[in-house]
Every structure is written in structure tokens, then in C-alpha cells.
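Pasted below: protein19.txt, compact mmCIF, C-alpha atoms and all ligand atoms.
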# COMPACT_ATOMS: atom_id res chain seq x y z
CA MET A 13 -57.14 32.83 23.11
CA LYS A 14 -53.44 33.02 22.36
CA LEU A 15 -50.95 35.68 23.38
CA ASN A 16 -47.78 36.78 21.63
CA PRO A 17 -45.18 34.09 22.46
CA GLN A 18 -42.36 36.49 21.64
CA LEU A 19 -42.93 38.15 25.00
CA ASP A 20 -42.26 34.83 26.76
CA LYS A 21 -38.65 35.24 25.62
CA ILE A 22 -38.29 38.44 27.63
CA ARG A 23 -37.79 37.76 31.29
CA GLN A 24 -38.60 40.30 33.96
CA SER A 25 -35.10 41.24 34.99
CA SER A 26 -33.81 40.85 38.51
CA THR A 27 -33.71 44.66 38.58
CA VAL A 28 -37.49 44.64 38.77
CA ALA A 29 -37.41 41.94 41.43
CA MET A 30 -34.97 44.05 43.47
CA ALA A 31 -37.08 47.18 43.02
CA ASP A 32 -40.14 45.25 44.28
CA ARG A 33 -38.19 44.03 47.29
CA VAL A 34 -37.06 47.58 48.05
CA LEU A 35 -40.67 48.80 47.92
CA ALA A 36 -41.79 46.01 50.23
CA LEU A 37 -39.03 46.78 52.75
CA LYS A 38 -39.81 50.50 52.64
CA ALA A 39 -43.49 49.78 53.18
CA SER A 40 -42.55 47.82 56.29
CA GLY A 41 -40.78 50.91 57.64
CA ARG A 42 -37.15 50.01 56.83
CA LYS A 43 -34.93 52.87 55.75
CA ILE A 44 -33.30 51.89 52.46
CA ILE A 45 -30.34 53.63 50.81
CA PRO A 46 -31.38 53.70 47.16
CA LEU A 47 -28.29 53.06 45.05
CA HIS A 48 -30.11 50.94 42.49
CA VAL A 49 -31.90 53.36 40.16
CA GLY A 50 -30.44 55.13 37.14
CA ASP A 51 -32.40 58.31 37.68
CA PRO A 52 -30.59 61.57 38.55
CA ASP A 53 -31.48 62.81 42.02
CA PHE A 54 -31.48 66.38 40.67
CA ASP A 55 -34.72 68.12 39.79
CA THR A 56 -35.12 69.44 36.25
CA HIS A 57 -33.85 73.04 36.11
CA SER A 58 -36.61 75.53 36.94
CA ALA A 59 -35.98 77.51 33.72
CA ILE A 60 -36.88 74.38 31.72
CA LEU A 61 -40.09 74.02 33.75
CA ASP A 62 -40.93 77.66 33.04
CA VAL A 63 -40.62 77.12 29.28
CA ALA A 64 -42.91 74.07 29.45
CA VAL A 65 -45.54 75.89 31.52
CA LYS A 66 -45.50 78.91 29.23
CA ALA A 67 -45.76 76.66 26.16
CA MET A 68 -48.82 75.00 27.67
CA GLN A 69 -50.36 78.37 28.40
CA ASP A 70 -49.52 79.53 24.87
CA GLY A 71 -51.53 76.67 23.41
CA PHE A 72 -48.83 74.12 22.54
CA THR A 73 -51.25 71.43 23.58
CA HIS A 74 -52.31 70.09 20.18
CA TYR A 75 -50.73 67.45 17.98
CA ALA A 76 -47.20 68.36 16.93
CA SER A 77 -45.29 67.34 13.80
CA SER A 78 -44.56 63.59 13.87
CA ARG A 79 -40.99 64.34 12.91
CA GLY A 80 -40.71 66.77 15.83
CA ASP A 81 -41.23 70.52 15.65
CA LEU A 82 -38.60 72.27 13.57
CA GLU A 83 -37.42 74.27 16.60
CA PHE A 84 -36.62 71.03 18.43
CA ARG A 85 -34.93 69.43 15.42
CA LEU A 86 -32.85 72.57 14.86
CA ALA A 87 -31.81 72.54 18.52
CA ALA A 88 -30.79 68.87 18.30
CA ALA A 89 -28.88 69.44 15.04
CA SER A 90 -27.04 72.44 16.55
CA LYS A 91 -26.15 70.39 19.60
CA LEU A 92 -24.81 67.55 17.42
CA MET A 93 -22.69 70.04 15.50
CA ARG A 94 -21.52 71.96 18.56
CA GLU A 95 -20.75 69.01 20.84
CA ASN A 96 -20.14 66.09 18.50
CA ASN A 97 -18.90 67.80 15.37
CA ILE A 98 -21.39 65.96 13.14
CA SER A 99 -23.58 67.77 10.66
CA TYR A 100 -27.18 66.54 10.46
CA ASP A 101 -29.91 68.06 8.33
CA PRO A 102 -32.75 68.96 10.72
CA ALA A 103 -35.23 68.59 7.86
CA THR A 104 -34.49 64.96 7.09
CA GLU A 105 -31.96 63.43 9.50
CA ILE A 106 -33.39 64.10 12.97
CA LEU A 107 -36.49 62.65 14.59
CA ALA A 108 -37.99 63.67 17.96
CA THR A 109 -38.71 60.65 20.19
CA HIS A 110 -40.17 59.78 23.57
CA GLY A 111 -36.79 59.44 25.23
CA GLY A 112 -33.81 57.24 24.46
CA VAL A 113 -35.74 53.98 24.75
CA HIS A 114 -38.20 55.07 22.09
CA ALA A 115 -35.37 56.36 19.88
CA TYR A 116 -33.74 52.93 20.16
CA TYR A 117 -37.06 51.21 19.43
CA LEU A 118 -37.58 53.30 16.30
CA ALA A 119 -33.99 52.68 15.18
CA MET A 120 -34.51 48.94 15.44
CA GLN A 121 -37.96 49.08 13.81
CA SER A 122 -36.33 50.99 11.01
CA VAL A 123 -33.56 48.51 10.15
CA LEU A 124 -34.56 45.04 11.38
CA SER A 125 -36.45 42.28 9.62
CA PRO A 126 -37.58 39.21 11.58
CA GLY A 127 -34.67 36.79 11.98
CA ASP A 128 -31.96 39.41 11.50
CA GLU A 129 -29.11 39.06 13.96
CA VAL A 130 -27.96 41.94 16.14
CA LEU A 131 -24.64 41.95 17.97
CA ILE A 132 -24.88 43.28 21.53
CA PRO A 133 -22.03 43.37 24.05
CA ASP A 134 -22.33 41.36 27.25
CA PRO A 135 -22.72 42.99 29.76
CA SER A 136 -25.06 45.72 28.59
CA TRP A 137 -28.32 47.43 29.49
CA ALA A 138 -31.06 44.79 29.22
CA THR A 139 -33.41 46.81 27.01
CA HIS A 140 -30.93 46.73 24.15
CA ALA A 141 -31.33 42.97 23.83
CA ASN A 142 -35.01 42.81 24.85
CA MET A 143 -36.05 45.28 22.16
CA VAL A 144 -34.41 43.17 19.46
CA THR A 145 -36.31 40.12 20.75
CA LEU A 146 -39.55 42.12 20.85
CA LEU A 147 -39.07 42.95 17.17
CA ARG A 148 -38.39 39.31 16.30
CA GLY A 149 -34.70 39.83 15.71
CA VAL A 150 -32.06 37.47 17.07
CA VAL A 151 -29.73 38.68 19.81
CA ILE A 152 -26.11 37.56 19.60
CA ARG A 153 -24.15 38.51 22.69
CA VAL A 154 -20.54 39.56 22.18
CA PRO A 155 -18.44 38.90 25.28
CA ALA A 156 -17.01 42.01 26.90
CA PRO A 157 -15.49 40.50 30.05
CA ALA A 158 -13.89 42.48 32.86
CA GLU A 159 -10.48 41.22 31.67
CA ASN A 160 -10.98 43.22 28.46
CA GLY A 161 -12.14 46.31 30.29
CA PHE A 162 -15.79 45.46 29.48
CA ILE A 163 -15.30 46.39 25.84
CA PRO A 164 -15.51 43.60 23.23
CA GLN A 165 -12.31 43.00 21.33
CA ILE A 166 -12.66 43.53 17.58
CA ASP A 167 -12.00 39.79 17.13
CA ALA A 168 -15.01 39.04 19.35
CA TRP A 169 -17.29 41.11 17.09
CA GLU A 170 -15.83 39.25 14.12
CA ALA A 171 -16.40 35.86 15.75
CA ALA A 172 -20.04 36.67 16.50
CA ARG A 173 -20.91 37.94 13.02
CA THR A 174 -22.70 35.78 10.47
CA PRO A 175 -24.23 36.56 7.07
CA LYS A 176 -27.50 37.24 8.93
CA THR A 177 -26.02 40.05 11.06
CA ARG A 178 -27.75 43.32 10.34
CA ALA A 179 -26.56 45.66 13.10
CA LEU A 180 -24.41 46.06 16.17
CA VAL A 181 -25.28 48.04 19.26
CA ILE A 182 -22.90 50.09 21.36
CA ASN A 183 -23.52 52.28 24.40
CA TYR A 184 -20.64 54.44 25.60
CA PRO A 185 -20.22 55.59 28.30
CA ALA A 186 -21.79 52.26 29.20
CA ASN A 187 -24.51 51.24 31.56
CA PRO A 188 -23.61 49.35 33.79
CA THR A 189 -19.80 49.56 33.56
CA GLY A 190 -19.15 53.26 32.91
CA VAL A 191 -16.45 52.45 30.34
CA TYR A 192 -15.89 53.97 26.93
CA PRO A 193 -13.35 53.11 24.26
CA THR A 194 -10.64 55.07 22.48
CA GLN A 195 -11.07 56.84 19.17
CA GLU A 196 -8.82 54.21 17.60
CA TYR A 197 -11.17 51.44 18.76
CA LEU A 198 -14.25 53.21 17.39
CA GLN A 199 -12.47 53.64 14.08
CA LYS A 200 -11.69 49.91 13.96
CA LEU A 201 -15.31 49.13 14.80
CA GLN A 202 -16.48 51.39 11.98
CA LYS A 203 -14.12 49.57 9.62
CA PHE A 204 -15.50 46.20 10.75
CA ALA A 205 -19.08 47.44 10.26
CA ALA A 206 -18.22 48.85 6.83
CA GLU A 207 -16.61 45.60 5.70
CA HIS A 208 -19.76 43.66 6.53
CA ASP A 209 -22.34 46.32 5.75
CA LEU A 210 -23.69 46.57 9.28
CA TRP A 211 -25.56 49.38 10.98
CA ILE A 212 -23.99 50.76 14.12
CA VAL A 213 -26.67 51.76 16.61
CA SER A 214 -24.98 53.95 19.19
CA ASP A 215 -26.84 54.76 22.40
CA GLU A 216 -25.15 57.92 23.67
CA VAL A 217 -27.52 58.90 26.50
CA TYR A 218 -24.61 59.13 28.97
CA GLU A 219 -22.31 61.11 26.67
CA ASN A 220 -22.26 64.17 28.92
CA LEU A 221 -21.32 62.22 32.01
CA PHE A 222 -17.58 61.65 31.87
CA TYR A 223 -14.72 62.16 34.32
CA GLY A 224 -11.72 62.37 32.02
CA GLU A 225 -11.49 63.04 28.33
CA LYS A 226 -14.81 63.67 26.58
CA PRO A 227 -16.11 60.52 24.87
CA ILE A 228 -16.29 60.64 21.07
CA SER A 229 -19.55 60.02 19.26
CA ALA A 230 -19.59 56.89 17.10
CA GLY A 231 -20.75 59.00 14.16
CA ALA A 232 -17.89 61.49 14.31
CA PHE A 233 -15.54 59.85 11.79
CA ASP A 234 -15.12 60.16 8.06
CA GLY A 235 -17.64 57.88 6.40
CA ALA A 236 -19.24 56.88 9.72
CA LYS A 237 -22.40 58.92 9.45
CA GLU A 238 -23.92 56.80 6.65
CA ARG A 239 -23.95 53.66 8.77
CA THR A 240 -24.40 55.09 12.25
CA ILE A 241 -27.71 55.62 14.03
CA LEU A 242 -27.39 57.88 17.06
CA VAL A 243 -29.77 57.42 19.98
CA ASN A 244 -29.86 60.23 22.50
CA SER A 245 -32.12 61.82 25.08
CA LEU A 246 -32.31 64.56 27.64
CA SER A 247 -33.07 62.12 30.48
CA LYS A 248 -29.67 61.74 32.05
CA SER A 249 -27.81 64.84 30.89
CA TYR A 250 -30.55 67.34 31.86
CA ALA A 251 -32.18 65.34 34.70
CA MET A 252 -35.34 64.99 32.61
CA THR A 253 -36.09 61.27 32.89
CA GLY A 254 -39.82 61.70 33.44
CA TRP A 255 -40.30 64.06 30.49
CA ARG A 256 -39.69 61.25 28.00
CA VAL A 257 -37.93 63.23 25.31
CA GLY A 258 -35.02 62.31 23.07
CA TYR A 259 -34.02 62.06 19.45
CA LEU A 260 -32.70 59.87 16.71
CA ALA A 261 -30.03 61.18 14.33
CA ALA A 262 -29.43 59.03 11.27
CA PRO A 263 -29.30 58.93 7.47
CA LYS A 264 -32.51 60.08 5.78
CA ARG A 265 -33.73 56.62 4.78
CA VAL A 266 -33.48 55.39 8.39
CA ILE A 267 -35.38 58.45 9.61
CA ASP A 268 -38.02 57.99 6.88
CA ASN A 269 -38.68 54.48 8.16
CA ALA A 270 -38.52 55.49 11.83
CA LEU A 271 -40.97 58.31 11.10
CA LYS A 272 -43.54 55.80 9.85
CA ALA A 273 -43.02 53.63 12.92
CA GLY A 274 -43.32 56.68 15.18
CA GLN A 275 -46.36 58.11 13.45
CA ASN A 276 -48.19 54.83 13.85
CA SER A 277 -47.24 54.25 17.46
CA ILE A 278 -47.12 57.58 19.29
CA THR A 279 -48.21 60.13 16.62
CA CYS A 280 -45.89 62.82 17.98
CA VAL A 281 -43.85 63.91 20.97
CA THR A 282 -45.80 66.19 23.35
CA PRO A 283 -45.37 69.72 21.93
CA PHE A 284 -44.83 71.65 25.17
CA ILE A 285 -42.20 69.10 26.13
CA GLN A 286 -40.47 69.61 22.79
CA LYS A 287 -40.40 73.36 23.50
CA ALA A 288 -38.79 72.78 26.89
CA ALA A 289 -36.32 70.29 25.41
CA ALA A 290 -35.35 72.66 22.58
CA PHE A 291 -34.66 75.30 25.22
CA ALA A 292 -32.57 72.90 27.31
CA LEU A 293 -30.48 71.87 24.31
CA SER A 294 -29.83 75.47 23.24
CA ASP A 295 -29.65 77.73 26.28
CA ALA A 296 -26.16 78.57 27.53
CA ASP A 297 -27.22 78.53 31.20
CA MET A 298 -28.60 75.01 30.78
CA GLN A 299 -25.22 73.88 29.50
CA ILE A 300 -23.68 75.35 32.66
CA ALA A 301 -26.31 73.54 34.76
CA GLN A 302 -25.31 70.33 32.99
CA ASP A 303 -21.64 70.95 33.81
CA ASN A 304 -22.60 71.51 37.44
CA MET A 305 -24.41 68.17 37.59
CA ARG A 306 -21.38 66.46 36.06
CA ALA A 307 -19.24 68.10 38.74
CA ALA A 308 -21.58 66.73 41.43
CA TYR A 309 -21.26 63.19 40.03
CA ALA A 310 -17.48 63.62 39.92
CA ARG A 311 -17.56 64.68 43.58
CA ARG A 312 -19.56 61.58 44.54
CA ARG A 313 -17.24 59.39 42.49
CA ALA A 314 -14.32 60.83 44.47
CA LEU A 315 -16.28 60.30 47.69
CA VAL A 316 -16.60 56.57 46.95
CA LEU A 317 -12.87 56.34 46.29
CA ARG A 318 -12.11 58.22 49.51
CA VAL A 319 -14.23 55.81 51.55
CA ALA A 320 -12.57 52.88 49.76
CA ASP A 321 -9.18 54.23 50.87
CA GLU A 322 -10.30 53.71 54.47
CA TYR A 323 -10.55 49.96 53.79
CA PRO A 324 -7.16 49.08 52.27
CA GLU A 325 -7.42 45.47 53.46
CA SER A 326 -10.84 44.88 51.92
CA PRO A 327 -11.08 42.30 49.15
CA LEU A 328 -13.43 44.72 47.36
CA VAL A 329 -11.12 46.61 45.02
CA ILE A 330 -12.83 49.51 43.34
CA THR A 331 -12.32 50.50 39.72
CA PRO A 332 -13.73 53.99 39.20
CA PRO A 333 -16.02 54.51 36.20
CA GLN A 334 -14.78 56.63 33.28
CA GLY A 335 -18.30 57.87 32.65
CA ALA A 336 -22.04 57.49 33.34
CA PHE A 337 -23.12 57.40 36.98
CA TYR A 338 -22.48 53.80 38.00
CA PHE A 339 -19.79 51.85 39.81
CA PHE A 340 -19.61 48.22 38.72
CA LEU A 341 -18.32 46.63 41.91
CA ASP A 342 -16.30 43.44 41.57
CA PHE A 343 -17.63 40.91 44.10
CA ARG A 344 -16.16 37.85 42.40
CA PHE A 345 -14.06 37.21 45.51
CA LEU A 346 -17.24 36.09 47.31
CA GLU A 347 -17.95 33.36 44.74
CA ARG A 348 -21.70 33.86 45.10
CA SER A 349 -24.28 34.96 42.60
CA SER A 350 -24.68 38.69 42.22
CA LEU A 351 -28.42 38.38 42.92
CA GLU A 352 -27.70 36.62 46.20
CA ILE A 353 -25.14 39.29 47.13
CA CYS A 354 -27.59 42.11 46.39
CA GLU A 355 -30.35 40.40 48.36
CA LYS A 356 -28.04 39.88 51.35
CA ILE A 357 -26.75 43.45 51.30
CA LEU A 358 -30.31 44.75 51.07
CA GLU A 359 -31.53 42.59 53.95
CA ASP A 360 -28.47 43.06 56.17
CA VAL A 361 -27.56 46.74 55.72
CA GLY A 362 -30.42 48.21 53.70
CA VAL A 363 -28.47 49.26 50.60
CA ALA A 364 -30.31 48.68 47.31
CA LEU A 365 -28.11 47.67 44.37
CA VAL A 366 -28.53 45.88 41.05
CA PRO A 367 -27.03 42.44 40.38
CA GLY A 368 -24.56 42.41 37.50
CA SER A 369 -26.27 39.31 36.09
CA ALA A 370 -29.16 41.58 35.03
CA PHE A 371 -26.81 42.85 32.30
CA GLY A 372 -25.63 39.49 30.95
CA LYS A 373 -23.44 36.51 31.78
CA GLU A 374 -20.28 38.61 31.89
CA GLY A 375 -21.86 40.77 34.58
CA GLU A 376 -22.17 37.85 36.99
CA GLY A 377 -20.13 38.41 40.15
CA PHE A 378 -20.47 42.20 39.81
CA VAL A 379 -22.94 44.60 41.39
CA ARG A 380 -24.05 47.96 40.01
CA MET A 381 -24.15 50.89 42.39
CA THR A 382 -25.40 54.28 41.23
CA ILE A 383 -23.99 57.63 42.28
CA ALA A 384 -27.14 59.37 41.02
CA ALA A 385 -28.10 59.75 44.67
CA SER A 386 -27.31 62.31 47.38
CA ASP A 387 -23.72 62.61 48.65
CA ALA A 388 -24.95 61.42 52.04
CA ASP A 389 -26.57 58.29 50.58
CA VAL A 390 -23.57 57.52 48.39
CA GLU A 391 -21.18 57.84 51.33
CA ALA A 392 -23.39 55.89 53.76
CA GLY A 393 -24.09 53.24 51.11
CA ILE A 394 -20.50 52.49 50.16
CA ARG A 395 -19.41 52.54 53.79
CA ALA A 396 -22.17 50.09 54.70
CA ILE A 397 -21.03 47.80 51.88
CA PHE A 398 -17.41 47.80 53.09
CA GLU A 399 -18.54 47.18 56.67
CA TRP A 400 -20.81 44.33 55.50
CA ILE A 401 -17.87 42.70 53.72
CA GLY A 402 -15.71 43.15 56.83
CA GLY A 403 -18.38 41.48 58.93
CA LEU A 404 -18.38 38.38 56.71
CA ARG A 405 -14.90 37.35 57.78
C1 LIG B 1 -28.04 52.83 28.17
C2 LIG B 1 -29.37 53.45 28.36
N1 LIG B 1 -30.05 53.89 27.29
C3 LIG B 1 -31.26 54.46 27.42
C4 LIG B 1 -31.83 54.61 28.66
C5 LIG B 1 -33.19 55.21 28.78
O1 LIG B 1 -33.15 56.51 28.50
P1 LIG B 1 -34.49 57.38 28.34
O2 LIG B 1 -34.94 57.76 29.69
O3 LIG B 1 -34.03 58.53 27.55
O4 LIG B 1 -35.49 56.54 27.63
C6 LIG B 1 -31.17 54.16 29.80
C7 LIG B 1 -31.81 54.30 31.12
O5 LIG B 1 -31.38 53.80 32.11
C8 LIG B 1 -29.91 53.59 29.64
O6 LIG B 1 -29.22 53.16 30.71

Can you give me the file's structure in the form of C-alpha cells?
Amino acid sequence: MKLNPQLDKIRQSSTVAMADRVLALKASGRKIIPLHVGDPDFDTHSAILDVAVKAMQDGFTHYASSRGDLEFRLAAASKLMRENNISYDPATEILATHGGVHAYYLAMQSVLSPGDEVLIPDPSWATHANMVTLLRGVVIRVPAPAENGFIPQIDAWEAARTPKTRALVINYPANPTGVYPTQEYLQKLQKFAAEHDLWIVSDEVYENLFYGEKPISAGAFDGAKERTILVNSLSKSYAMTGWRVGYLAAPKRVIDNALKAGQNSITCVTPFIQKAAAFALSDADMQIAQDNMRAAYARRRALVLRVADEYPESPLVITPPQGAFYFFLDFRFLERSSLEICEKILEDVGVALVPGSAFGKEGEGFVRMTIAASDADVEAGIRAIFEWIGGLR
């Protein structure tokens, strides 16, 4: 009996291999500093829990609308207006999803035919490419090397495009690099997409995690909305990763397609979770809670830089992220594979990290370290890394 050969094209990433190794070491009694996972260390705010519990008790335990309950869609539309200055019709242009991954899946289901090419920066979060493969699209990586600040030059997008290109994917602030581009760049990218009739799929799950100027949504330009598909979720910004709730915001015909794909895969998003998510998106105190979490990440980011200052002679030179909750540490001076470096650091000093190669060729030589961990772990982790480097010489 045959299996789907498309899945053979998706490799288990080294992230999974690292996570398995971490589990094995922990099981053997080793204390590991977990700086590898992209999951906020904060608990979901108790007021959000209360809304979910009450919704369950009030009977929101049946099937919900496949589009998402109107309350949730209204909350998402208000948020998009309030924070991103984009007007979406909650009746036709918003779809509730099981988190950002599912929103991205539905976006791709909605626009891709088998064989269509999709442009994806290298490095980038592995699921962006894997999903395209899963749907029988063709992934074309667009180099975004460190030298270009991990953002593809407009010429690089141009060079990668062919008549078969259907869409391009962006994710700013980016996982794993934390970068995001200027408004001018996004405008140029919109112009490029318009010239070639491409969809822009913009994964904005880290939009609320920034340490300087607020990033601009890819849909927030004149004429951009018609070709932009926004993917968002409450996972990172509200510390709700396990709730699996997010949304797609896009032109009506994209949502109409995505709705069919959603209806026939998950039926609907859990109704009491939608209630809690609508509350999180709307309540003023939850916005303050979100600001407080951002302040905590900013504090940890500063902590890493402070520790780095204690090692002025170290060949590890740290570039702080503009957004998201990752440092992309440049280990190219070691001239070893990033997987090898991560394995050695894990074995020698017990700090769990993710090899940059998990995000593409251009990530090789780099290592991703999260600051979505306690201050104590972040400080101990980065110090252990500097000491490990010092011990190599
Ligand atoms: C860029 C990016 N998009 C989406 C997700 C997944 O988000 P969600 O939990 O909302 O599915 C992640 C998780 O790490 C991510 O890094």
C-alpha cells in the first residue's frame, strides 16, 4: 500500500532533533536551560481564562460558525482598524482559524494550485516552505543573507520570479532573525507584487513584539489590501500558544475559498476559545497586559546585551533583534555547522538552542536563542554561551 510521496519532501527539521535530545538529557537528570522554544514563558492572563470557563459553563460547547462567531470577527476587525489602520468587513473578510499555522494553511489552500511557485525568503520559519510543499506547490527560496540584514533585496525577489509564481510570503518581525523592513521597502514589495499579479501572504504573528518603532502591516498601504493576505494569531502576543486561535484577514474571494477549506478540515474554531480570544482582542486591560509582556522581553533583550558587554574580546558579536523574541547569534567565526555548534553547547553547558540551518541555507553559521524564557534562564544561558566560547581558545 502506497503513502503520499509529497510528505517525503518534508524533512523533520533539526529543531525536532534538538528538542528530542533536550528531552533525553532532561530524562537523564541534566538541568537544561531552555532557550530553544518559541513559546512565551508567561501564562495566559487569568481574565482570559475566566471568560473561557464562563463560556463553557454558559453552553458555548457546540459547533460554532465555520467563519468564526461574529463577536470574534468583530473583535479582529476592530483590532485591525485600531492597530493596523486597515478596514476589514467582519462579515466577509475575516475568518477565525486554529492559530497562525492554520491561518497560513488556509491562505495557501485558498490561492495555490499544484505546481504554482511561491517565493519564500531564506532564512525563514520552516513551516512557511513545508506547507507549500504539502499543498503541492513549488518553493523558491529568495536569499536574505546576513549581509542584507536578512531581508531580501527587491532585485532578489525579481530574480526568483517566473511566470509560474503565484505568491510571496513575508513574516515581519521575522522568526528567526527578529528583523523587519521599512515602510519604503514594503511599498516597493507591493509594487513588485502588483506588477506581476502576486499574492502577498504576510505572517504577522510577532507584530506586537517590537523594541523600536512599531512595525507596519503589509496590508496598510493604498491598494495593498486587494493582494495581501494577513495571517495572525493570539499565540505570541497574548501568550496563548496552546489555545490554537488566530485569524485570516483577506479579500472576500480568498476568505470564501479559505472558508470551504476550513469547513472541510476543522468545521469550526472551538466556541469558548473564540469567546476568550474576542475578549483578549478587545479588552483594554488585556492590551496593557500585552504591553507589559513586551516590556519584559525588552528587559531580557537588554539583559543579553549587558552580559555581552562583559565579554568585549569575544568573537561572538551580538546584533540585537528589532522584534519578535529571538536573537540570531552569529557563530560563523567558528566555521562549523550550526547543528554541530548547538549539539556541543547543549552537551557541554546544557543550553538548548536551535541551529540556524533549520531556517534555510542562509541561516547556516547562526544559532537561534529565544528570550521567551525567564530572566534568570536568559542571563545564565547567554553567560554560559560566552564562557563556552572562551573555553574553546
Ligand atoms: C513565523 C511564525 N508564524 C506562525 C507561528 C505559529 O503560530 P500559531 O501558534 O499561532 O500557530 C510561529 C510559531 O513559532 C511562527 O514563528

Practice prompt. Go ahead and compute the interatomic distance for atom CA of Ala36 of chain A and atom CA of Met381 of chain A, in Å to one decimal.
Written response: 19.9 Å

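The space between atom CA of Ile45 of chain A and atom CA of Met30 of chain A spans 12.9 Å.
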
Fill in: 6 Å shell around ligand LIG 1 (chain B) using only C-alpha atoms and all ligand atoms, listed as a PyMOL selection string
chain A and resi 50+111-113+137+183+187+215+217+245+247+253+258

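Taking all atoms listed in the file, the non-local environment of Pro102 of chain A within 7 Å (same-chain residues fewer than 4 positions away omitted) comprises Arg85, Leu86, Ala89 and Ile106 of chain A.
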
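Rounded to one decimal, atom CA of Leu341 of chain A and atom CA of His48 of chain A lie 12.6 Å from each other.
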
Contact check, segment 87-151 of chain A to segment 267-279 of chain A, at most 8 Å, counting all atoms listed in the file, closest pairs as JSON lines:
{"residue": "A:Thr104", "atom": "CA", "partner": "A:Ile267", "partner_atom": "CA", "distance": 7.0}
{"residue": "A:Glu105", "atom": "CA", "partner": "A:Ile267", "partner_atom": "CA", "distance": 6.0}
{"residue": "A:Ile106", "atom": "CA", "partner": "A:Ile267", "partner_atom": "CA", "distance": 6.9}
{"residue": "A:Leu107", "atom": "CA", "partner": "A:Ile267", "partner_atom": "CA", "distance": 6.6}
{"residue": "A:Thr109", "atom": "CA", "partner": "A:Gly274", "partner_atom": "CA", "distance": 7.9}
{"residue": "A:Leu118", "atom": "CA", "partner": "A:Ala270", "partner_atom": "CA", "distance": 5.1}
{"residue": "A:Ala119", "atom": "CA", "partner": "A:Ala270", "partner_atom": "CA", "distance": 6.3}
{"residue": "A:Gln121", "atom": "CA", "partner": "A:Ala270", "partner_atom": "CA", "distance": 6.7}
{"residue": "A:Ser122", "atom": "CA", "partner": "A:Ala270", "partner_atom": "CA", "distance": 5.1}

Enclose segment 204-220 of chain A, meaning all of its atoms listed in the file, in a box aligned along x, y and z, pad it by 6 Å on each side, and list the centre and edge lengths in Å to one decimal, as JSON.
{"center_x": -21.5, "center_y": 53.9, "center_z": 17.3, "size_x": 24.0, "size_y": 32.5, "size_z": 35.3}

Worksheet item: Which residue, A:Arg318, A:Arg94, A:His114, A:Lys203, has the smallest gap to Asp234 of chain A when you use only C-alpha atoms?
Response: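 Closest to Asp234 of chain A, using only C-alpha atoms: A:Lys203.
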
Worksheet item: Taking all atoms listed in the file into account, which of A:Tyr192, A:Tyr117, A:Tyr223, A:Tyr250 comes nearest Ala292 of chain A?
Response: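 Once distances to Ala292 of chain A are computed over all atoms listed in the file, the minimum belongs to A:Tyr250.
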
Per residue of segment 14-119 of chain A within 10 Å of segment 371-375 of chain A, what are the shortest atom pair and its distance in Å to one decimal, counting all atoms listed in the file, with rows by chain and residue number, as a Markdown table?
| residue | atom | partner | partner_atom | distance |
| --- | --- | --- | --- | --- |
| A:Ser25 | CA | A:Phe371 | CA | 8.9 |
| A:Ser26 | CA | A:Phe371 | CA | 9.6 |
| A:Thr27 | CA | A:Phe371 | CA | 9.5 |

Worksheet item: Of the candidates A:Thr382, A:Thr73, A:Thr282, A:Thr177, which one gets nearest to Ile394 of chain A if we count only C-alpha atoms?
Response: A:Thr382

Item to complete: Can you work out which one of A:Gly71, A:Pro283, A:Pro185, A:Gly161 has the shortest atom-to-atom distance to Glu83 of chain A, counting all atoms listed in the file?
Response: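 Between A:Gly71, A:Pro283, A:Pro185, A:Gly161, the residue approaching Glu83 of chain A most closely is A:Pro283.
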
Worksheet entry | Which residue of A:Arg79, A:His110, A:Arg380, A:Lys200 approaches Asn244 of chain A most closely, using all atoms listed in the file | A:His110

Discussion item. Let me make sure I understand: among A:Ser386, A:Ser349, A:Ser58, A:Asn160, which one has the smallest atom-to-atom distance to Pro46 of chain A if we use only C-alpha atoms?
Written reply: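 Selected residue with least distance to Pro46 of chain A: A:Ser386.
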